[in-house]
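Peer 1: The structure that follows is given in the form of structure tokens.
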Amino acid sequence: MTPTLAVSGLSAAIGKIPVLRGVDLHVRSGETVALLGRNGVGKTSTLRAILGLLPRKGGKVNFKGDDLTRLPAHRVSGEGIGYVPQGRGIFPGLTVEENLFLGLRSAPPAALIEDIYARFPRLAERKTQAAGTLSGGEQQILAIGRCLMRQPSLILLDEPTEGIMPKLVADIRREIQAIARQGVAILLVEQNLRTALKLASRIYLMEKGVVVHEATPEQLAADASTVHRYLGVAL
Ligand SMILES: Nc1ncnc2c1ncn2[C@@H]1O[C@H](COP(=O)(O)OP(=O)(O)OP(=O)(O)O)[C@@H](O)[C@H]1O
Ligand SMILES: [Mg+2]
């Protein structure tokens with residue numbers, strides 16, 4: 001079966017500095033794949049280069065069999081790829097509901113918005129409230145909800161539990177699992193090894209702009225030296 005997302009040899013530079021030096025990875029439908037690595041190794045840049053938000057210097061990005069490198073960035077989100085950027089990217093002055101509807105070309109089916117409010121009651125309770133008044137975790141949930149409004153078949157999530165209180169971390173993890181169960185392919189960038197071990201079916205480790213290691217959560221959980229080498233943490 002063709003993977004939903006297949007990236008090969010992806011390279012990119014910011015100015016003259018190479019930030020990606022041939023990234024290879026793939027994500028299948030219903031699979032949650034984690035991309036882990038220390039600060040500055042190029043995780044966010046990988047997501048941005050997949051989307052064309054960071055100019056690519058080489059390599060291929062294939063989405064459901066189509067070559068994304070032929071499309072301009074503004075077309076890519078219309079192709080069924082959701083992106084929840086690091087730091088969330090919500091509009092604080094707009095209400096929760098305005099954020100959910102933002103950028104949609106046509107009114108979404110009522111059942112879709114109902115489904116999102118049913119999944120995230122916190123958003124339903126606060127739909128007329130300015131998004132900037134939500135807690136960090138609630139803003140993260142809003143960003144995920146907004147991405148689901150487009151019914152994506154691939155979601156790129158950049159550190160969705162960063163800086164979020166533990167109670168909401170569990171909610172966010174549960175939602176990610178529920179989304180994957182619907183057959184959505186999820187590429188999850190993480191700093192948090194625990195979250196990756198819990199959610200991912202496969203884990204890629206990145207260093208200096210390339211993927212250097214691939215493992216299942218079980219393999220990685222038993223490989224303290226690899227974890228220490230590439231993540232700088234103890235198991
Ligand atoms: N706008 C920019 N201008 C210059 N350098 C940048 C810019 N954005 C990123 N970089 C550099 O590119 C490299 C990769 O950054 P990137 O944000 O992809 O890392 P990351 O793995 O997501 O890190 P973190 O875990 O801290 O989010 C880093 O060395 C970073 O300093
Ligand atoms: Mg980052």
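Residue numbers start at 1 in each chain; chains themselves are named A, B, ... in the order of the structure tokens; ligands are numbered from 1 in the order shown.
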Could you list, as a VMD selection string, all protein and nucleic acid residues with an atom at most 12 Å from ligand 2, counting only C-alpha atoms and all ligand atoms?
Peer 2: chain A and resid 19 35 to 48 84 to 88 157 to 160 162 188 to 191 206
Peer 1: Determine, counting only C-alpha atoms, which protein, DNA and RNA residues have an atom within 9 Å of an atom of region 102-104 of chain A; residues of the same chain fewer than 3 positions away are not included. Present the result as a list in words.
Peer 2: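 Everything that qualifies: Glu97, Glu98, Asn99, Ala107, Pro108, Arg146, Met149 and Arg150 of chain A.
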Peer 1: Write a file of the selected residues as a PDB file, in the first residue's frame, keeping C-alpha atoms.
Peer 2:
```pdb
ATOM      1  CA  GLU A  97     -15.501  29.504  16.824  1.00  0.00           C
ATOM      2  CA  GLU A  98     -13.996  32.064  14.444  1.00  0.00           C
ATOM      3  CA  ASN A  99     -10.668  30.261  14.803  1.00  0.00           C
ATOM      4  CA  ALA A 107     -19.437  26.481   5.414  1.00  0.00           C
ATOM      5  CA  PRO A 108     -18.569  23.137   7.006  1.00  0.00           C
ATOM      6  CA  ARG A 146      -9.196  23.724  13.668  1.00  0.00           C
ATOM      7  CA  MET A 149     -12.320  21.013  10.417  1.00  0.00           C
ATOM      8  CA  ARG A 150     -10.548  20.387   7.123  1.00  0.00           C
TER       9      ARG A 150
END
```
Peer 1: To one decimal place in Å, what is the distance between CA of Val33 (chain A) and CA of Ala196 (chain A)?
Peer 2: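 Pair CA of Val33 (chain A) / CA of Ala196 (chain A) returns 8.2 Å.
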Peer 1: Can you pull out every residue within 7 Å of Ala215 (chain A), counting only C-alpha atoms, but drop anything in the same chain fewer than 2 positions away, and send it as a PyMOL selection string?
Peer 2: chain A and resi 202-204+213+217+219-220
Peer 1: Could you jot down the CA of Val184 (chain A) to CA of Pro152 (chain A) separation for me, Å, one decimal place?
Peer 2: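 Interatomic distance here is 7.2 Å.
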Peer 1: Quick one: everything within 12 Å of Thr128 (chain A), counting only C-alpha atoms, minus sequence neighbours fewer than 5 positions away in the same chain. Send it as a PyMOL selection string.
Peer 2: chain A and resi 93-100+122-123+133-134
